[in-house]
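Source file work-v4.txt; content: compact mmCIF, C-alpha atoms and all ligand atoms.
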# COMPACT_ATOMS: atom_id res chain seq x y z
CA MET A 136 97.98 81.15 98.14
CA ILE A 137 98.49 84.73 96.90
CA PRO A 138 96.39 84.75 93.70
CA HIS A 139 97.76 86.37 90.57
CA SER A 140 94.73 88.61 90.43
CA ARG A 141 91.47 89.19 92.22
CA PRO A 142 88.68 91.81 92.29
CA THR A 143 88.54 94.53 94.93
CA LEU A 144 84.96 94.59 96.22
CA GLY A 145 83.43 95.89 99.45
CA PRO A 146 80.23 96.80 101.27
CA GLU A 147 79.50 99.65 98.82
CA GLU A 148 79.20 97.16 95.95
CA ALA A 149 77.07 94.85 98.12
CA ALA A 150 74.74 97.77 98.98
CA ALA A 151 74.41 98.77 95.30
CA ALA A 152 73.67 95.18 94.25
CA THR A 153 71.07 94.81 97.01
CA ARG A 154 69.42 98.12 96.09
CA VAL A 155 69.06 97.07 92.43
CA LEU A 156 67.91 93.57 93.35
CA LEU A 157 65.17 94.85 95.61
CA SER A 158 64.05 97.37 92.97
CA GLY A 159 63.00 94.47 90.74
CA GLN A 160 64.70 96.11 87.71
CA VAL A 161 67.69 93.81 87.25
CA ALA A 162 68.01 93.70 83.43
CA GLN A 163 69.27 96.59 81.24
CA GLY A 164 67.75 99.86 82.47
CA GLU A 165 68.66 103.22 83.97
CA GLU A 166 71.70 101.93 85.87
CA VAL A 167 73.22 100.91 82.53
CA GLY A 168 72.55 104.40 81.12
CA SER A 169 74.29 106.08 84.07
CA PHE A 170 77.25 103.73 83.84
CA GLU A 171 77.58 104.43 80.10
CA GLU A 172 77.63 108.18 80.76
CA ALA A 173 80.27 107.82 83.46
CA VAL A 174 82.60 105.71 81.29
CA ALA A 175 82.14 108.04 78.28
CA SER A 176 83.01 111.00 80.46
CA LEU A 177 86.14 109.29 81.81
CA ALA A 178 87.25 108.46 78.25
CA GLY A 179 86.51 112.03 77.13
CA VAL A 180 83.99 110.96 74.45
CA ARG A 181 80.34 111.76 73.87
CA ASN A 182 78.76 108.29 73.62
CA ALA A 183 79.04 104.76 74.99
CA ALA A 184 77.13 101.49 74.74
CA ALA A 185 77.45 98.87 77.50
CA VAL A 186 77.64 95.21 76.49
CA GLY A 187 78.14 91.84 78.19
CA SER A 188 81.93 91.52 77.85
CA GLY A 189 85.05 93.03 76.32
CA THR A 190 84.87 90.38 73.62
CA ALA A 191 81.29 91.42 72.76
CA ALA A 192 82.51 95.04 72.67
CA LEU A 193 85.23 94.11 70.14
CA HIS A 194 82.74 92.09 68.07
CA LEU A 195 80.17 94.90 67.88
CA ALA A 196 82.85 97.59 67.31
CA LEU A 197 84.02 95.68 64.22
CA LEU A 198 80.42 95.22 63.02
CA ALA A 199 79.68 98.93 63.58
CA LEU A 200 82.66 99.71 61.33
CA ASP A 201 81.11 97.42 58.67
CA ILE A 202 84.00 94.97 58.75
CA GLY A 203 83.33 91.52 57.34
CA ALA A 204 84.49 88.74 55.01
CA GLY A 205 87.35 89.76 52.72
CA ASP A 206 88.50 92.58 55.03
CA GLU A 207 91.78 92.48 56.94
CA VAL A 208 92.13 93.59 60.55
CA VAL A 209 95.59 94.19 62.04
CA LEU A 210 96.14 93.25 65.69
CA PRO A 211 99.20 92.49 67.82
CA SER A 212 100.39 88.91 68.33
CA PHE A 213 101.19 89.33 72.03
CA VAL A 214 97.63 89.64 73.34
CA CYS A 215 94.80 87.38 74.53
CA THR A 216 92.70 85.40 72.05
CA ALA A 217 89.61 87.59 72.63
CA LEU A 218 90.86 89.96 69.92
CA LEU A 219 91.47 87.15 67.44
CA ASN A 220 88.05 85.65 68.15
CA ALA A 221 86.30 88.98 67.53
CA VAL A 222 87.99 89.27 64.12
CA ARG A 223 86.91 85.69 63.34
CA TYR A 224 83.31 86.34 64.49
CA VAL A 225 82.92 88.89 61.67
CA ARG A 226 84.72 86.54 59.21
CA ALA A 227 87.48 89.07 58.55
CA THR A 228 91.11 87.99 58.11
CA PRO A 229 93.39 88.57 61.12
CA VAL A 230 96.79 90.08 60.22
CA LEU A 231 99.21 90.00 63.13
CA ALA A 232 101.78 92.70 63.89
CA ASP A 233 104.76 92.42 66.21
CA ILE A 234 105.19 94.42 69.40
CA ASN A 235 107.78 96.76 70.85
CA GLY A 236 109.76 94.40 73.09
CA GLU A 237 110.14 96.99 75.86
CA THR A 238 106.62 98.40 76.12
CA PHE A 239 104.77 95.21 74.98
CA ASN A 240 102.57 97.49 72.83
CA ILE A 241 101.91 97.02 69.10
CA ASP A 242 104.78 98.42 67.00
CA PRO A 243 103.46 101.16 64.64
CA ARG A 244 106.29 100.51 62.14
CA ASP A 245 105.34 96.84 61.91
CA VAL A 246 101.65 97.78 61.54
CA LYS A 247 102.63 99.96 58.57
CA ARG A 248 104.49 97.06 56.96
CA ARG A 249 101.44 94.79 57.24
CA LEU A 250 98.90 97.14 55.62
CA THR A 251 97.33 96.10 52.30
CA LYS A 252 94.48 97.41 50.18
CA LYS A 253 92.18 95.18 52.21
CA THR A 254 93.12 96.55 55.67
CA ARG A 255 89.97 97.96 57.24
CA ALA A 256 90.93 98.41 60.91
CA VAL A 257 93.76 98.17 63.42
CA ILE A 258 93.06 97.02 66.98
CA VAL A 259 95.41 98.77 69.40
CA PRO A 260 95.41 97.51 73.01
CA HIS A 261 97.18 99.56 75.68
CA MET A 262 99.02 96.61 77.18
CA PHE A 263 99.26 96.21 80.93
CA GLY A 264 98.04 99.82 81.42
CA LEU A 265 100.75 101.56 79.37
CA PRO A 266 99.23 103.74 76.61
CA ALA A 267 100.35 102.66 73.12
CA ASP A 268 101.74 104.90 70.35
CA ILE A 269 98.27 105.35 68.94
CA ALA A 270 98.71 108.72 67.18
CA GLU A 271 101.22 107.19 64.78
CA ILE A 272 98.74 104.44 63.89
CA VAL A 273 95.76 106.81 63.58
CA ALA A 274 97.91 108.87 61.18
CA LEU A 275 98.00 105.87 58.79
CA GLY A 276 94.36 106.70 57.95
CA ILE A 277 92.85 103.30 58.87
CA PRO A 278 90.10 103.21 61.55
CA VAL A 279 91.60 102.31 64.93
CA VAL A 280 89.73 100.30 67.55
CA GLU A 281 91.38 101.32 70.79
CA ASP A 282 91.35 98.44 73.28
CA CYS A 283 91.23 99.90 76.80
CA ALA A 284 90.49 96.59 78.56
CA GLN A 285 93.68 97.06 80.60
CA SER A 286 94.04 100.85 80.61
CA LEU A 287 90.93 102.41 82.19
CA GLY A 288 92.01 105.68 83.83
CA SER A 289 95.29 106.10 81.93
CA SER A 290 96.06 108.88 79.49
CA ARG A 291 98.56 109.85 76.83
CA GLN A 292 99.89 113.41 76.59
CA GLY A 293 96.97 114.61 78.67
CA ALA A 294 94.29 112.81 76.63
CA PRO A 295 92.51 109.88 78.33
CA THR A 296 92.80 106.51 76.61
CA GLY A 297 89.43 105.67 75.09
CA GLY A 298 89.07 108.82 73.00
CA LEU A 299 92.02 108.38 70.67
CA GLY A 300 90.64 106.00 68.00
CA ALA A 301 87.46 105.66 65.89
CA LEU A 302 85.95 103.54 68.67
CA SER A 303 87.24 102.26 71.98
CA VAL A 304 86.39 99.08 73.86
CA PHE A 305 86.53 98.25 77.57
CA SER A 306 86.28 95.09 79.67
CA PHE A 307 84.94 94.90 83.21
CA TYR A 308 85.78 91.24 83.78
CA ALA A 309 86.34 90.25 87.43
CA THR A 310 90.09 90.93 87.39
CA LYS A 311 90.15 94.06 85.22
CA VAL A 312 90.83 97.63 86.45
CA ILE A 313 87.20 97.89 87.57
CA CYS A 314 84.86 94.93 87.62
CA THR A 315 81.23 94.04 87.04
CA GLY A 316 81.85 90.26 87.05
CA GLU A 317 81.58 90.13 83.27
CA GLY A 318 80.97 93.27 81.25
CA GLY A 319 82.20 95.56 78.52
CA MET A 320 81.63 98.88 76.73
CA VAL A 321 82.09 100.47 73.32
CA ALA A 322 82.72 104.23 73.40
CA GLY A 323 83.33 106.95 70.84
CA ASN A 324 82.39 110.39 69.56
CA ASP A 325 80.53 109.14 66.48
CA ARG A 326 76.92 108.84 67.60
CA ARG A 327 75.98 106.82 64.53
CA LEU A 328 78.51 104.07 65.38
CA ILE A 329 77.44 103.85 69.03
CA ASP A 330 73.75 103.76 68.02
CA LYS A 331 74.62 100.83 65.76
CA VAL A 332 76.24 99.00 68.70
CA LYS A 333 73.12 99.68 70.79
CA ASP A 334 70.93 98.30 68.01
CA LEU A 335 73.06 95.16 67.57
CA ARG A 336 73.29 94.28 71.28
CA ASP A 337 69.52 93.73 71.60
CA TYR A 338 67.34 91.53 69.39
CA ASP A 339 63.90 92.49 70.61
CA GLY A 340 61.33 94.78 69.03
CA LYS A 341 63.04 95.27 65.64
CA GLU A 342 61.11 95.83 62.42
CA ASP A 343 63.67 94.13 60.16
CA GLY A 344 65.10 90.64 60.47
CA ALA A 345 68.81 91.56 60.45
CA LEU A 346 71.14 89.41 62.56
CA ARG A 347 71.38 90.74 66.10
CA TYR A 348 72.71 89.56 69.46
CA ASN A 349 71.87 89.42 73.12
CA TYR A 350 74.95 91.23 74.43
CA LYS A 351 73.26 93.43 77.01
CA LEU A 352 74.73 94.41 80.37
CA THR A 353 72.34 94.21 83.33
CA ASP A 354 71.46 96.94 85.83
CA LEU A 355 72.83 94.67 88.54
CA GLN A 356 76.25 94.69 86.82
CA ALA A 357 76.09 98.40 85.93
CA ALA A 358 75.39 99.34 89.57
CA LEU A 359 78.57 97.49 90.58
CA GLY A 360 80.46 99.24 87.78
CA SER A 361 79.35 102.70 88.88
CA VAL A 362 80.54 102.06 92.44
CA GLN A 363 83.84 100.67 91.15
CA LEU A 364 84.30 103.70 88.89
CA ARG A 365 84.00 106.02 91.87
CA LYS A 366 86.74 104.00 93.56
CA LEU A 367 89.01 104.15 90.49
CA PRO A 368 91.30 107.01 91.69
CA GLY A 369 91.96 105.07 94.91
CA PHE A 370 92.53 101.83 92.96
CA ILE A 371 95.07 103.55 90.71
CA ALA A 372 96.86 105.17 93.66
CA ARG A 373 97.18 101.78 95.36
CA ARG A 374 98.39 100.13 92.14
CA ARG A 375 101.06 102.84 91.72
CA ALA A 376 102.19 102.49 95.33
CA ILE A 377 102.71 98.73 94.91
CA ALA A 378 104.49 99.24 91.56
CA ARG A 379 106.86 101.77 93.16
CA ARG A 380 107.61 99.28 95.94
CA TYR A 381 108.42 96.59 93.36
CA ASP A 382 110.54 99.04 91.32
CA GLU A 383 112.64 99.88 94.37
CA SER A 384 112.93 96.29 95.59
CA PHE A 385 113.66 94.49 92.29
CA ARG A 386 116.57 96.68 91.07
CA GLY A 387 119.85 94.79 90.93
CA TYR A 388 118.30 91.33 90.59
CA GLY A 389 118.77 90.96 86.84
CA LEU A 390 115.14 91.69 85.98
CA ALA A 391 114.10 94.08 83.21
CA LEU A 392 111.50 96.19 85.00
CA PRO A 393 108.33 97.57 83.34
CA VAL A 394 108.77 100.65 81.20
CA CYS A 395 106.84 103.51 82.72
CA PRO A 396 107.93 106.74 81.03
CA ARG A 397 105.00 108.80 82.28
CA GLU A 398 104.05 107.42 85.65
CA SER A 399 101.33 110.04 86.12
CA GLU A 400 99.61 108.88 82.91
CA SER A 401 99.99 105.10 82.75
CA ILE A 402 98.43 102.74 85.27
CA PRO A 403 100.17 99.55 86.39
CA TYR A 404 97.40 97.09 85.50
CA ARG A 405 99.98 94.31 85.39
CA TYR A 406 103.55 94.43 86.72
CA VAL A 407 105.40 92.59 83.97
CA VAL A 408 109.14 91.95 84.31
CA ARG A 409 111.39 90.26 81.77
CA THR A 410 113.72 87.52 82.95
CA GLU A 411 115.56 84.51 81.57
CA ARG A 412 114.80 82.77 84.87
CA ILE A 413 111.05 82.62 84.32
CA GLU A 414 110.61 78.86 84.81
CA GLU A 415 112.54 79.00 88.08
CA LEU A 416 110.35 81.84 89.39
CA LEU A 417 107.12 80.15 88.28
CA ALA A 418 108.08 76.89 89.99
CA ALA A 419 109.36 78.57 93.15
CA GLY A 420 106.18 80.67 93.29
CA GLN A 421 104.05 77.56 92.99
CA ALA A 422 105.92 75.96 95.89
CA ALA A 423 105.70 79.13 98.00
CA GLY A 424 102.02 79.82 97.28
CA ILE A 425 102.54 82.86 95.03
CA ALA A 426 100.84 82.81 91.63
CA TYR A 427 103.22 84.44 89.14
CA ARG A 428 101.89 84.12 85.59
CA ARG A 429 102.85 84.51 81.97
CA PRO A 430 100.80 87.66 81.17
CA VAL A 431 99.68 86.26 77.79
CA PHE A 432 98.81 82.56 77.70
CA LYS A 433 100.15 82.04 74.19
CA PRO A 434 100.90 84.64 71.47
CA LEU A 435 98.50 84.62 68.55
CA HIS A 436 101.12 83.75 65.89
CA ARG A 437 101.54 80.39 67.63
CA TYR A 438 97.80 79.69 67.35
CA LEU A 439 97.84 80.68 63.68
CA GLY A 440 101.00 78.68 63.02
CA VAL A 441 102.85 81.63 61.46
CA THR A 442 106.34 83.00 62.11
CA GLY A 443 107.98 86.42 61.86
CA TYR A 444 107.13 87.79 65.33
CA PRO A 445 110.49 87.78 67.13
CA ARG A 446 109.59 90.31 69.81
CA SER A 447 106.26 88.66 70.65
CA GLU A 448 108.12 85.34 70.82
CA GLU A 449 110.75 86.87 73.12
CA ALA A 450 108.04 88.37 75.34
CA PHE A 451 106.33 84.97 75.56
CA ARG A 452 109.64 83.40 76.55
CA THR A 453 110.70 85.96 79.17
CA ALA A 454 107.72 88.04 80.41
CA LEU A 455 106.44 87.32 83.90
CA SER A 456 103.55 89.03 85.66
CA VAL A 457 103.96 89.60 89.39
CA PRO A 458 100.69 89.92 91.40
CA LEU A 459 99.55 93.55 91.64
CA TYR A 460 96.00 94.67 92.45
CA PRO A 461 94.41 97.10 94.92
CA SER A 462 93.31 94.42 97.39
CA LEU A 463 96.85 92.98 97.65
CA GLU A 464 97.75 93.60 101.30
CA ASP A 465 101.08 95.16 102.35
CA GLY A 466 102.01 91.86 103.99
CA ASP A 467 101.50 90.00 100.69
CA VAL A 468 103.55 92.63 98.83
CA GLN A 469 106.35 92.09 101.37
CA THR A 470 106.10 88.29 100.95
CA ILE A 471 106.37 88.65 97.17
CA VAL A 472 109.33 91.07 97.38
CA GLN A 473 111.23 88.74 99.70
CA HIS A 474 110.42 85.73 97.56
CA VAL A 475 111.66 87.29 94.33
CA GLN A 476 114.81 88.55 96.05
CA THR A 477 115.52 85.15 97.62
CA VAL A 478 115.03 83.20 94.38
CA LEU A 479 117.13 85.58 92.30
CA ARG A 480 119.86 86.37 94.84
C1 LIG B 1 93.32 93.62 75.82
C2 LIG B 1 92.06 92.83 76.04
N1 LIG B 1 91.02 93.01 75.22
C3 LIG B 1 89.87 92.32 75.37
C4 LIG B 1 89.71 91.40 76.38
C5 LIG B 1 88.43 90.60 76.48
O1 LIG B 1 87.63 91.01 77.53
P1 LIG B 1 86.53 90.00 78.15
O2 LIG B 1 87.24 88.99 78.96
O3 LIG B 1 85.68 90.93 78.99
O4 LIG B 1 85.75 89.42 77.02
C6 LIG B 1 90.76 91.19 77.28
C7 LIG B 1 90.60 90.20 78.36
O5 LIG B 1 91.47 89.69 78.96
C8 LIG B 1 91.97 91.92 77.11
O6 LIG B 1 93.02 91.74 77.92
Could you express the structure from this file as structure tokens?
Amino acid sequence: MIPHSRPTLGPEEAAAATRVLLSGQVAQGEEVGSFEEAVASLAGVRNAAAVGSGTAALHLALLALDIGAGDEVVLPSFVCTALLNAVRYVRATPVLADINGETFNIDPRDVKRRLTKKTRAVIVPHMFGLPADIAEIVALGIPVVEDCAQSLGSSRQGAPTGGLGALSVFSFYATKVICTGEGGMVAGNDRRLIDKVKDLRDYDGKEDGALRYNYKLTDLQAALGSVQLRKLPGFIARRRAIARRYDESFRGYGLALPVCPRESESIPYRYVVRTERIEELLAAGQAAGIAYRRPVFKPLHRYLGVTGYPRSEEAFRTALSVPLYPSLEDGDVQTIVQHVQTVLR
């Protein structure tokens, strides 16, 4: 079976994990501090706070911005439920916006239409590694939480993603751009906000009895993350090489290929094509041992039972993610190319 996704790990990660293990300092410590500095530097911001997952990062980013009951948070419909859950954790009201059907990113014009007096934040994910139109949303004057779970290492007009909103969040889940197993980060220039995240992620040794969490990352995870971060340029180069191969091989087969207007700036985290023949490809892949996937399990408007999201609905109906990750061997890429061509010929 060629899995849809898998981490790219090697002896360097094993050596780092062993070193930390034998040191006896496995919980949050200096390794976490170094990893935070490295991610902040990559995102071009001054501060970062590591947490246990991307979901925890979203949760604490919203709390740091003082968002709670009675507040509205705008987020796209075509995204995973982690974003919706984070909004629910703080008891705010989720307000969904539609996407741009070509880029899969949140549509700034639809965001504008959904704003009310109660809107307190907009969550903007850079979907599948393609930076979103964030400047237009920042210009609306509402704090933006930039979701870089899928875009680590990408940039927009020369500025790295992660430094474009009030706060940015990252995920280092096993199949993300870099992995720590589970893990996440909140980053930003505002020291006060990041200090608040650091306070909220740890319950111990506090004078007051305010509600806090155990959302810490461990040194064991951070050591993996630091090694992975050093490998990031190579990971991105490999991802781009596979994407170029798919681009060349899939033309003329009736697929709408991923939009990539600035190849040097976006990273192909997922290779998402649009096709009316999605069920056929999914079934044929299953039979041939290739795991194609719908890139979003179910759009959020379907969970909330609301309508008015035609482009998210269309993406759900036609978007298909073809396996693409650094550890995908050339032979597997060739197998996938031939399979797609044979099914669609
Ligand atoms: C855009 C986006 N944000 C947040 C998350 C949540 O990250 P985690 O799985 O680390 O909680 C994901 C995970 O798939 C994601 O794709």
Go through chain A residue by residue and, counting all atoms listed in the file, keep those with an atom at most 9 Å from ligand LIG 1 (chain B); for each kept residue give the shortest atom pair and its distance in Å to one decimal, ordered by chain and increasing number, as CSV.
residue,atom,partner,partner_atom,distance
A:Gly187,CA,B:LIG1,O3,7.6
A:Ser188,CA,B:LIG1,O3,4.0
A:Gly189,CA,B:LIG1,O3,3.5
A:Thr190,CA,B:LIG1,O4,3.6
A:Ala191,CA,B:LIG1,O4,6.5
A:Ala192,CA,B:LIG1,O4,7.8
A:Leu193,CA,B:LIG1,C3,7.2
A:Val214,CA,B:LIG1,C1,6.4
A:Cys215,CA,B:LIG1,O6,5.8
A:Thr216,CA,B:LIG1,C4,8.0
A:Ala217,CA,B:LIG1,C5,5.0
A:Leu218,CA,B:LIG1,C3,6.0
A:Val259,CA,B:LIG1,C1,8.5
A:Pro260,CA,B:LIG1,C1,5.2
A:His261,CA,B:LIG1,C1,7.1
A:Met262,CA,B:LIG1,C1,6.6
A:Phe263,CA,B:LIG1,O6,8.2
A:Asp282,CA,B:LIG1,N1,5.8
A:Cys283,CA,B:LIG1,C1,6.7
A:Ala284,CA,B:LIG1,C2,4.8
A:Gln285,CA,B:LIG1,C1,5.9
A:Ser286,CA,B:LIG1,C1,8.7
A:Val304,CA,B:LIG1,C3,7.8
A:Phe305,CA,B:LIG1,C3,7.2
A:Ser306,CA,B:LIG1,O3,4.3
A:Phe307,CA,B:LIG1,O3,5.8
A:Tyr308,CA,B:LIG1,O3,4.8
A:Ala309,CA,B:LIG1,O3,8.5
A:Thr310,CA,B:LIG1,O5,8.6
A:Lys311,CA,B:LIG1,O5,7.7
A:Gly316,CA,B:LIG1,O3,8.9
A:Glu317,CA,B:LIG1,O3,6.0
A:Gly318,CA,B:LIG1,O3,5.7
A:Gly319,CA,B:LIG1,O3,5.8
A:Val431,CA,B:LIG1,O6,8.6
When you draw a straight line from CA of Thr453 in chain A to CA of Leu390 in chain A, how long is it in Å?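 Between CA of Thr453 in chain A and CA of Leu390 in chain A the gap is 9.9 Å.
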Contacts of range 361-363 of chain A at 12 Å (only C-alpha atoms; same-chain gap of 3+ positions) as a ChimeraX atom specification: /A:142-152,165-174,177,287,307,309,311-316,354-358,366-371,461
Minimum-distance residue to Leu328 in chain A, chosen among A:Ala301, A:Leu352, A:Ile234, A:Ala422 (using all atoms listed in the file): A:Ala301
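CA of Leu250 in chain A is found 26.4 Å from CA of Arg327 in chain A.
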